[in-house]
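Data block for model-v2.txt (compact mmCIF, C-alpha atoms):
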# COMPACT_ATOMS: atom_id res chain seq x y z
CA MET A 42 70.36 143.59 41.43
CA THR A 43 73.49 143.30 39.31
CA TYR A 44 73.56 144.27 35.64
CA GLU A 45 73.48 140.61 34.57
CA GLU A 46 70.48 139.96 36.84
CA PHE A 47 68.73 143.02 35.43
CA VAL A 48 69.09 141.78 31.83
CA GLU A 49 67.82 138.34 32.84
CA LYS A 50 64.80 139.90 34.56
CA LEU A 51 64.01 141.94 31.43
CA ILE A 52 64.00 138.75 29.36
CA GLN A 53 61.95 136.85 31.93
CA SER A 54 59.39 139.68 32.28
CA ALA A 55 58.99 139.90 28.50
CA GLN A 56 58.23 136.18 28.44
CA GLU A 57 55.86 136.10 31.40
CA GLU A 58 54.03 139.42 31.08
CA LEU A 59 54.12 140.00 27.31
CA GLY A 60 54.17 136.44 25.99
CA TYR A 61 57.38 136.80 24.01
CA ASP A 62 59.04 133.61 22.82
CA PRO A 63 62.57 133.16 24.28
CA ALA A 64 63.69 132.18 20.78
CA GLY A 65 62.69 135.67 19.62
CA MET A 66 64.99 137.46 22.05
CA ASP A 67 68.72 137.78 21.57
CA PHE A 68 71.28 139.53 23.74
CA TYR A 69 74.24 140.94 21.82
CA PRO A 70 77.19 142.20 23.88
CA GLU A 71 79.39 145.15 23.03
CA GLY A 72 81.89 144.08 20.36
CA TYR A 73 79.54 141.61 18.65
CA ASP A 74 79.77 141.49 14.85
CA SER A 75 78.20 139.52 12.02
CA THR A 76 78.40 139.14 8.25
CA ASP A 77 74.72 138.17 8.04
CA PRO A 78 73.11 141.02 6.02
CA THR A 79 70.06 141.25 8.29
CA VAL A 80 72.03 141.41 11.53
CA ARG A 81 74.67 143.62 9.93
CA ALA A 82 71.98 146.15 8.94
CA ILE A 83 70.78 146.25 12.56
CA ILE A 84 74.33 146.71 13.88
CA GLU A 85 74.97 149.56 11.43
CA ASP A 86 71.74 151.28 12.39
CA LEU A 87 72.46 150.99 16.12
CA ASN A 88 76.04 152.19 15.77
CA LEU A 89 74.95 155.17 13.66
CA LYS A 90 72.25 156.11 16.15
CA TYR A 91 74.44 155.87 19.24
CA THR A 92 77.98 156.67 18.03
CA GLY A 93 77.54 158.43 14.69
CA LYS A 94 79.47 155.77 12.75
CA GLU A 95 78.12 152.62 11.19
CA SER A 96 81.28 150.58 10.64
CA GLY A 97 82.78 148.16 13.11
CA PRO A 98 81.30 145.79 15.67
CA LEU A 99 78.38 146.62 17.94
CA ALA A 100 79.22 149.66 20.05
CA MET A 101 77.31 148.68 23.21
CA ASP A 102 75.17 145.92 24.75
CA PHE A 103 71.71 145.43 23.24
CA LEU A 104 68.76 143.16 23.86
CA LEU A 105 66.89 142.60 20.58
CA MET A 106 63.28 141.48 20.91
CA ARG A 107 61.65 140.11 17.77
CA ARG A 108 58.02 141.04 17.27
CA LYS A 109 55.52 138.33 18.09
CA ASN A 110 54.36 136.01 15.31
CA THR A 111 57.03 137.05 12.84
CA GLU A 112 60.17 135.49 11.45
CA VAL A 113 61.63 138.75 10.17
CA SER A 114 64.63 139.53 12.36
CA ALA A 115 64.62 143.20 11.35
CA GLU A 116 61.29 143.68 13.14
CA MET A 117 62.84 144.09 16.55
CA TYR A 118 62.68 146.32 19.57
CA ARG A 119 66.20 147.23 20.57
CA ILE A 120 67.05 147.90 24.22
CA ALA A 121 70.35 149.55 25.14
CA THR A 122 70.56 147.49 28.33
CA ARG A 123 73.33 149.36 30.12
CA ARG A 124 71.46 152.65 29.65
CA MET A 125 68.29 150.97 30.89
CA TYR A 126 70.20 149.63 33.88
CA LYS A 127 71.22 153.18 34.86
CA ARG A 128 67.56 154.18 34.69
CA TYR A 129 66.64 151.18 36.82
CA GLN A 130 69.12 152.28 39.50
CA LYS A 131 67.34 155.65 39.73
CA GLU A 132 63.70 154.80 38.99
CA GLY A 133 63.23 151.10 39.73
CA PHE A 134 62.35 148.15 37.53
CA ASP A 135 58.62 148.88 37.14
CA ALA A 136 59.29 152.29 35.56
CA VAL A 137 61.85 150.82 33.19
CA PHE A 138 59.62 147.94 32.14
CA LYS A 139 56.70 150.31 31.51
CA THR A 140 58.90 152.08 28.96
CA VAL A 141 59.63 148.74 27.31
CA LYS A 142 55.92 147.88 27.13
CA ASP A 143 55.03 151.28 25.68
CA GLU A 144 57.74 151.05 23.03
CA LEU A 145 56.70 147.53 22.08
CA LYS A 146 53.15 148.79 21.65
CA ASN A 147 54.47 151.45 19.27
CA LEU A 148 56.47 148.84 17.37
CA ASP A 149 53.43 146.61 16.93
CA ALA A 150 51.62 149.57 15.38
CA SER A 151 54.56 150.62 13.18
CA GLN A 152 55.01 150.22 9.46
CA ILE A 153 57.50 147.41 8.82
CA ASP A 154 58.29 145.94 5.43
CA PRO A 155 58.21 142.18 6.11
CA GLY A 156 59.65 141.18 2.73
CA TRP A 157 62.54 143.59 2.59
CA ILE A 158 65.30 141.00 2.32
CA LYS A 159 63.70 139.20 -0.63
CA LYS A 160 63.03 142.52 -2.36
CA ARG A 161 66.62 143.65 -1.83
CA ILE A 162 68.07 140.58 -3.53
CA SER A 163 65.48 140.36 -6.31
CA GLY A 164 67.13 142.93 -8.58
CA ASP A 165 63.64 144.26 -9.37
CA TYR A 166 63.70 148.06 -9.01
CA GLU A 167 59.93 148.41 -8.98
CA GLN A 168 59.69 146.17 -5.91
CA ILE A 169 61.85 148.45 -3.81
CA ARG A 170 61.58 151.88 -5.46
CA GLU A 171 59.04 153.30 -3.00
CA GLN A 172 61.10 152.18 0.01
CA LEU A 173 64.24 154.09 -1.01
CA ILE A 174 65.03 157.21 1.02
CA ILE A 175 67.88 159.69 1.41
CA ARG A 176 69.80 160.38 4.62
CA PRO A 177 72.39 163.21 4.96
CA LEU A 178 75.78 162.27 6.42
CA ASN A 179 78.99 164.15 7.12
CA TYR A 180 81.51 162.82 4.62
CA ASP A 181 84.63 162.79 6.82
CA LEU A 182 82.84 161.03 9.69
CA HIS A 183 81.36 158.35 7.43
CA ILE A 184 83.95 157.90 4.70
CA ALA A 185 84.74 154.34 5.82
CA ASP A 186 81.05 153.41 6.02
CA LEU A 187 80.29 154.77 2.55
CA LYS A 188 82.72 152.56 0.68
CA GLY A 189 80.87 150.59 -1.99
CA HIS A 190 77.55 152.32 -1.33
CA VAL A 191 75.43 154.75 -3.34
CA TYR A 192 75.64 158.43 -2.43
CA ARG A 193 75.89 161.91 -3.94
CA LYS A 194 78.75 163.99 -2.53
CA ILE A 195 78.10 167.68 -1.91
CA ASP A 196 81.29 169.34 -0.67
CA ASP A 197 81.82 168.08 2.91
CA PHE A 198 78.66 165.97 3.24
CA VAL A 199 76.75 163.38 1.24
CA LEU A 200 73.19 162.36 0.43
CA ALA A 201 73.29 158.60 0.98
CA LEU A 202 70.81 156.12 -0.50
CA TYR A 203 69.05 153.86 2.01
CA TYR A 204 66.37 151.19 2.02
CA LEU A 205 63.68 151.93 4.62
CA VAL A 206 63.23 148.65 6.47
CA GLY A 207 60.84 150.06 9.06
CA ASP A 208 59.71 153.12 10.95
CA ALA A 209 58.77 152.35 14.55
CA ASN A 210 57.28 155.57 15.88
CA HIS A 211 59.78 157.41 13.66
CA SER A 212 62.78 155.47 14.99
CA LEU A 213 64.11 154.49 11.59
CA THR A 214 65.58 151.12 10.67
CA THR A 215 67.44 151.55 7.40
CA SER A 216 70.05 149.80 5.31
CA LYS A 217 72.43 151.44 2.82
CA ILE A 218 72.30 150.44 -0.85
CA TYR A 219 75.40 148.95 -2.51
CA ARG A 220 76.50 150.15 -5.96
CA GLU A 221 76.73 146.56 -7.18
CA GLU A 222 73.16 146.06 -6.03
CA MET A 223 71.97 149.15 -7.91
CA LYS A 224 73.58 147.93 -11.14
CA LEU A 225 71.13 145.00 -11.18
CA TRP A 226 68.19 147.40 -11.44
CA GLY A 227 69.14 148.80 -14.84
CA VAL A 228 68.27 152.33 -13.68
CA LYS A 229 70.64 155.30 -13.80
CA GLU A 230 71.94 156.51 -10.46
CA GLU A 231 70.61 160.04 -10.89
CA GLN A 232 67.10 158.68 -11.44
CA VAL A 233 67.39 156.48 -8.34
CA ILE A 234 68.51 159.46 -6.22
CA GLN A 235 65.62 161.59 -7.52
CA ASP A 236 63.10 158.81 -6.82
CA ALA A 237 64.49 158.42 -3.30
CA LEU A 238 64.26 162.16 -2.64
CA ALA A 239 60.64 162.16 -3.80
CA ASN A 240 59.92 159.23 -1.47
CA THR A 241 61.61 160.96 1.46
CA ALA A 242 59.57 164.11 0.80
CA ARG A 243 56.37 162.05 0.73
CA LEU A 244 57.12 160.15 3.94
CA TYR A 245 58.71 163.03 5.87
CA PRO A 246 57.41 166.31 4.40
CA ALA A 247 59.36 169.57 4.64
CA VAL A 248 58.12 171.80 7.44
CA ILE A 249 58.59 175.43 8.42
CA PHE A 250 57.61 177.25 11.62
CA ASP A 251 54.63 179.54 11.07
CA ARG A 252 54.44 182.35 13.64
CA ARG A 253 50.75 182.84 12.90
CA THR A 254 49.82 179.35 14.12
CA GLN A 255 52.86 178.80 16.39
CA LYS A 256 53.24 175.39 14.75
CA GLU A 257 55.34 173.61 12.18
CA GLU A 258 53.45 173.67 8.90
CA ASN A 259 53.92 171.72 5.67
CA LEU A 260 56.15 174.00 3.60
CA MET A 261 54.79 172.91 0.22
CA GLU A 262 51.07 172.98 1.06
CA LYS A 263 50.61 176.63 2.12
CA GLU A 264 51.70 180.07 1.05
CA PHE A 265 53.95 182.00 3.44
CA SER A 266 55.34 185.51 3.58
CA ARG A 267 58.80 186.09 4.99
CA GLU A 268 57.27 187.69 8.09
CA ASP A 269 55.14 184.59 8.71
CA VAL A 270 58.10 182.23 9.03
CA THR A 271 60.90 184.10 10.80
CA LEU A 272 61.65 182.31 14.07
CA HIS A 273 61.64 185.42 16.26
CA VAL A 274 60.35 188.97 16.04
CA HIS A 275 63.83 190.51 15.99
CA THR A 276 65.53 188.16 13.53
CA ASP A 277 65.23 187.33 9.85
CA MET A 278 66.33 183.73 10.43
CA ILE A 279 64.10 180.90 9.15
CA MET A 280 64.34 177.16 9.90
CA VAL A 281 63.42 174.34 7.54
CA SER A 282 63.27 170.68 8.59
CA ALA A 283 61.18 167.57 7.96
CA ARG A 284 58.38 166.07 10.02
CA GLY A 285 58.90 162.69 11.67
CA THR A 286 62.58 162.06 10.97
CA PRO A 287 65.94 162.81 12.60
CA ASN A 288 67.32 163.46 9.09
CA GLY A 289 65.38 166.66 8.40
CA ALA A 290 68.32 168.53 6.84
CA VAL A 291 67.71 166.57 3.64
CA SER A 292 64.47 168.55 3.18
CA ILE A 293 66.31 171.41 1.44
CA PHE A 294 66.92 168.98 -1.44
CA TYR A 295 63.29 167.93 -1.84
CA PRO A 296 61.73 168.78 -5.21
CA GLY A 297 60.54 172.39 -5.18
CA VAL A 298 61.83 173.36 -1.72
CA ILE A 299 64.64 175.70 -2.83
CA GLU A 300 62.28 177.34 -5.32
CA LYS A 301 59.66 177.80 -2.60
CA MET A 302 62.22 179.31 -0.22
CA MET A 303 63.50 181.67 -2.94
CA LYS A 304 59.94 182.91 -3.36
CA ILE A 305 59.66 183.51 0.39
CA MET A 306 63.10 185.15 0.63
CA GLY A 307 62.70 187.18 -2.56
CA GLY A 308 65.73 185.64 -4.25
CA PRO A 309 68.87 183.58 -3.47
CA PHE A 310 69.58 182.82 0.17
CA GLN A 311 72.19 181.32 2.50
CA ALA A 312 71.71 177.93 4.15
CA VAL A 313 73.46 176.71 7.33
CA PHE A 314 73.09 173.09 8.44
CA MET A 315 72.85 173.23 12.23
CA ASN A 316 73.01 169.42 12.32
CA ILE A 317 71.54 166.53 10.31
CA ARG A 318 68.06 167.65 11.40
CA ASP A 319 67.67 171.40 10.79
CA VAL A 320 68.60 173.96 8.11
CA LEU A 321 68.71 177.67 8.94
CA ILE A 322 67.91 180.11 6.14
CA PHE A 323 69.41 183.63 5.94
CA ASP A 324 69.35 186.56 3.56
CA MET A 325 72.44 186.67 1.33
CA LYS A 326 73.79 189.72 3.18
CA ASP A 327 73.08 188.49 6.70
CA ARG A 328 76.38 187.98 8.57
CA ASN A 329 74.57 186.06 11.31
CA ALA A 330 74.93 182.98 9.12
CA VAL A 331 78.61 182.80 10.13
CA ASN A 332 77.76 183.05 13.83
CA TYR A 333 75.22 180.25 13.59
CA LEU A 334 77.65 178.05 11.71
CA LYS A 335 80.03 178.57 14.61
CA GLN A 336 77.26 177.59 17.04
CA ALA A 337 76.52 174.49 14.99
CA LYS A 338 80.13 173.39 15.36
CA GLU A 339 80.25 174.12 19.08
CA GLY A 340 76.81 172.63 19.77
CA SER A 341 77.39 169.20 18.29
CA SER A 342 76.75 167.18 21.43
CA THR A 343 76.58 163.85 19.59
CA ILE A 344 79.40 162.53 17.43
CA GLY A 345 78.27 162.59 13.82
CA GLU A 346 75.46 165.10 14.39
CA MET A 347 77.39 167.90 12.68
CA LEU A 348 76.63 167.77 8.97
CA SER A 349 78.63 170.51 7.28
CA GLY A 350 81.21 173.17 8.12
CA LYS A 351 80.21 175.45 5.25
CA ILE A 352 77.59 178.04 4.40
CA TYR A 353 75.75 177.27 1.18
CA ARG A 354 74.24 179.56 -1.43
CA CYS A 355 70.87 178.46 -2.77
CA ASP A 356 69.56 179.85 -6.04
CA GLU A 357 67.81 178.78 -9.24
CA LYS A 358 70.70 176.41 -9.98
CA GLY A 359 70.30 174.61 -6.65
CA LEU A 360 72.57 174.44 -3.61
CA HIS A 361 76.31 175.03 -3.83
CA ALA A 362 79.13 176.29 -1.64
CA GLY A 363 78.94 180.02 -1.14
CA THR A 364 80.84 181.50 1.81
CA VAL A 365 83.39 178.98 3.07
CA VAL A 366 84.19 179.38 6.76
CA GLN A 367 87.17 177.78 8.49
CA LEU A 368 86.33 177.01 12.12
CA TYR A 369 89.09 176.49 14.70
CA PRO A 370 89.05 174.48 17.97
CA ASN A 371 89.44 177.70 19.99
CA GLY A 372 86.12 178.93 18.63
CA LYS A 373 87.57 181.49 16.22
CA TYR A 374 86.90 181.42 12.51
CA ARG A 375 87.94 182.99 9.26
CA ILE A 376 86.13 183.50 5.98
CA MET A 377 88.00 181.90 3.09

Please express what this file holds, its structure, as C-alpha cells.
Amino acid sequence: MTYEEFVEKLIQSAQEELGYDPAGMDFYPEGYDSTDPTVRAIIEDLNLKYTGKESGPLAMDFLLMRRKNTEVSAEMYRIATRRMYKRYQKEGFDAVFKTVKDELKNLDASQIDPGWIKKRISGDYEQIREQLIIRPLNYDLHIADLKGHVYRKIDDFVLALYYLVGDANHSLTTSKIYREEMKLWGVKEEQVIQDALANTARLYPAVIFDRRTQKEENLMEKEFSREDVTLHVHTDMIMVSARGTPNGAVSIFYPGVIEKMMKIMGGPFQAVFMNIRDVLIFDMKDRNAVNYLKQAKEGSSTIGEMLSGKIYRCDEKGLHAGTVVQLYPNGKYRIM
C-alpha cells in the first residue's frame, strides 16, 4: 500500500480495534506549525526528540492519538508515520500495529498531569512546583529555542527549566518555562532552579554502575568504594547517569552528588559529558579524560546529543571549567 493508504489504515485500525474516536486523532504533516500553547509544546518536544532543536515548524509527519475519555490534547501517543511506514515495508502491518497497541497500553498506564495548562497560567507556584524539572541542553544548538525562557548557563551548555507534562514509559513530554511566567510566581529564580533539581533527582535518581552487583544502583542510597564503581577492571573511569530519563547528565548537579563522588574519588575529579545522558568521572591526573571527550564529539550520532566540548573540574565549590579542550573536525585536539 502507498504511504497515504498506510496512514489511513492506521487511523481506521485504531478506531475499529481500539475504539478510538476519530475526533481524537489528528494527522500533522511535516512543516505544520501552531501558536496554540498546547500544540506548540508538543511540536517543540517532537522536534527536540527527533532533530535536537525545538524551534520551527514540525520536522516530520506525525499522527497524534489522544487518549480515550480525555479532553487534554497533551495526553497523546505520537506516531512518526514515515518511520512506521518503513517498518511496515519490512515487517508488515500486523507487526507495526502491535507496536502501536503496546505503546498505547504504556500510555494509558503513564503518569500524565491532566490539569497542566490551568496550572501553568494560574501564577500559583505551589500548584506547579513539584512538576518542574531540569533538562541539560547544548547552548549553541539551542540558543534560538532558549530565548525568553528560564535557564542557568554553564559555559557551553545550560540547565533549562521545564514543566513535566507527562512521562509515558519514560518518554517525556515537557514544556519550557518562560521568564515572564516565572515572574508571576514571586519566587527567586535560584530557588526555582534548586526546587526543580530536587524534583528531577526525586523522579529520576542518580545511578552508578556497581561491579559487585553488575547493575546500576542508586548513587545516594548506598556506600561505594572507588573499586566498586569503576566500569572495567583495567580502568579508573566511572559513569554517573539517572534512571528513567534521556537527560541523565543533569544528575551531576543533583543535591549531594558532587560531594558523594568526591568521597568516592578521594577529592576533586574531572567530569566529561559523553552526551546529554551520561557523565564520565576521572581522577584529576587522568589524561584519558581528553580521549573520551574526543570520542564524545565523534560519537554524537544524533544532532543535539552532544552536550559540552569541555572537561569540567568538580570540587567542594561545585562544577566549573577545568581543562578546556579545542576539538577539530579532523579529529585532532589541543589543550587550551

Given all atoms listed in the file as the basis, pick out the residue of A:Asn88, A:Glu46, A:Arg253, A:Leu260 nearest to A:Leu272.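 Of the candidates, the smallest distance to A:Leu272 is held by A:Arg253.
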
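With distances taken over all atoms listed in the file, A:Leu104 is the one residue among A:Val320, A:Val228, A:Leu104, A:Ala64 lying closest to A:Arg123.
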
Around the point (56.7, 146.7, 27.7) in the file's coordinates, collect all residues with an atom within 12 Å, using only C-alpha atoms, and return them as JSON, numbers by chain. {"A": [51, 52, 53, 54, 55, 56, 57, 58, 59, 60, 61, 106, 108, 118, 119, 120, 134, 135, 136, 137, 138, 139, 140, 141, 142, 143, 144, 145, 146, 147, 148, 149]}

Given all atoms listed in the file as the basis, pick out the residue of A:Glu221, A:Asp251, A:Asp62, A:Asp327 nearest to A:Met278. A:Asp327

Per residue of stretch 198-275 of chain A within 10 Å of stretch 175-180 of chain A, note the shortest atom pair and the distance in Å to one decimal, counting all atoms listed in the file, and order the rows by chain and increasing residue number, as JSON lines.
{"residue": "A:Phe198", "atom": "CA", "partner": "A:Asn179", "partner_atom": "CA", "distance": 4.3}
{"residue": "A:Val199", "atom": "CA", "partner": "A:Leu178", "partner_atom": "CA", "distance": 5.4}
{"residue": "A:Leu200", "atom": "CA", "partner": "A:Pro177", "partner_atom": "CA", "distance": 4.7}
{"residue": "A:Ala201", "atom": "CA", "partner": "A:Arg176", "partner_atom": "CA", "distance": 5.3}
{"residue": "A:Leu202", "atom": "CA", "partner": "A:Ile175", "partner_atom": "CA", "distance": 5.0}
{"residue": "A:Tyr203", "atom": "CA", "partner": "A:Ile175", "partner_atom": "CA", "distance": 6.0}
{"residue": "A:Tyr204", "atom": "CA", "partner": "A:Ile175", "partner_atom": "CA", "distance": 8.7}
{"residue": "A:Leu205", "atom": "CA", "partner": "A:Ile175", "partner_atom": "CA", "distance": 9.4}
{"residue": "A:Thr215", "atom": "CA", "partner": "A:Arg176", "partner_atom": "CA", "distance": 9.6}
{"residue": "A:Lys217", "atom": "CA", "partner": "A:Arg176", "partner_atom": "CA", "distance": 9.5}
{"residue": "A:Ile234", "atom": "CA", "partner": "A:Ile175", "partner_atom": "CA", "distance": 7.7}
{"residue": "A:Gln235", "atom": "CA", "partner": "A:Ile175", "partner_atom": "CA", "distance": 9.4}
{"residue": "A:Asp236", "atom": "CA", "partner": "A:Ile175", "partner_atom": "CA", "distance": 9.6}
{"residue": "A:Ala237", "atom": "CA", "partner": "A:Ile175", "partner_atom": "CA", "distance": 5.9}
{"residue": "A:Leu238", "atom": "CA", "partner": "A:Ile175", "partner_atom": "CA", "distance": 6.0}
{"residue": "A:Ala239", "atom": "CA", "partner": "A:Ile175", "partner_atom": "CA", "distance": 9.3}
{"residue": "A:Asn240", "atom": "CA", "partner": "A:Ile175", "partner_atom": "CA", "distance": 8.5}
{"residue": "A:Thr241", "atom": "CA", "partner": "A:Ile175", "partner_atom": "CA", "distance": 6.4}
{"residue": "A:Ala242", "atom": "CA", "partner": "A:Ile175", "partner_atom": "CA", "distance": 9.4}

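Coordinates place atom CA of A:Lys229 at a distance of 29.2 Å from atom CA of A:Ile84.
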
Enter the distance from atom CA of A:Leu321 to atom CA of A:Glu231, in Å, rounded to one decimal.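 Atom-to-atom, atom CA of A:Leu321 and atom CA of A:Glu231 are spaced 26.6 Å apart.
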
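Minimum distance to A:Leu225 across A:Tyr166, A:Tyr126, A:Tyr44, A:Tyr353 (counting all atoms listed in the file) occurs at A:Tyr166.
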
What does the distance between atom CA of A:Tyr245 and atom CA of A:Ser292 come to in Å, to one decimal place?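 Value for the atom CA of A:Tyr245-atom CA of A:Ser292 distance: 8.4 Å.
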
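Distance annotation: of A:Val248, A:Met306, A:Ala337, A:Ile195, the residue with the minimal separation from A:Arg284 is A:Val248; atom set is all atoms listed in the file.
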
Using all atoms listed in the file, the residue out of A:Glu132, A:Asp277, A:Glu257, A:Asp356 with shortest distance to A:Lys304 is A:Asp356

I need every residue sitting at most 7 Å from the point (65.0, 176.0, 6.8) (coordinates as in the file, all atoms listed in the file considered), written as a list in words. Ile249, Ile279, Met280, Val281, Ser282, Asp319, Val320, Leu321 and Ile322 of chain A

Quick one: everything within 6 Å of A:Tyr219, counting only C-alpha atoms, minus sequence neighbours fewer than 5 positions away in the same chain. Send it as a ChimeraX atom specification. /A:189-191
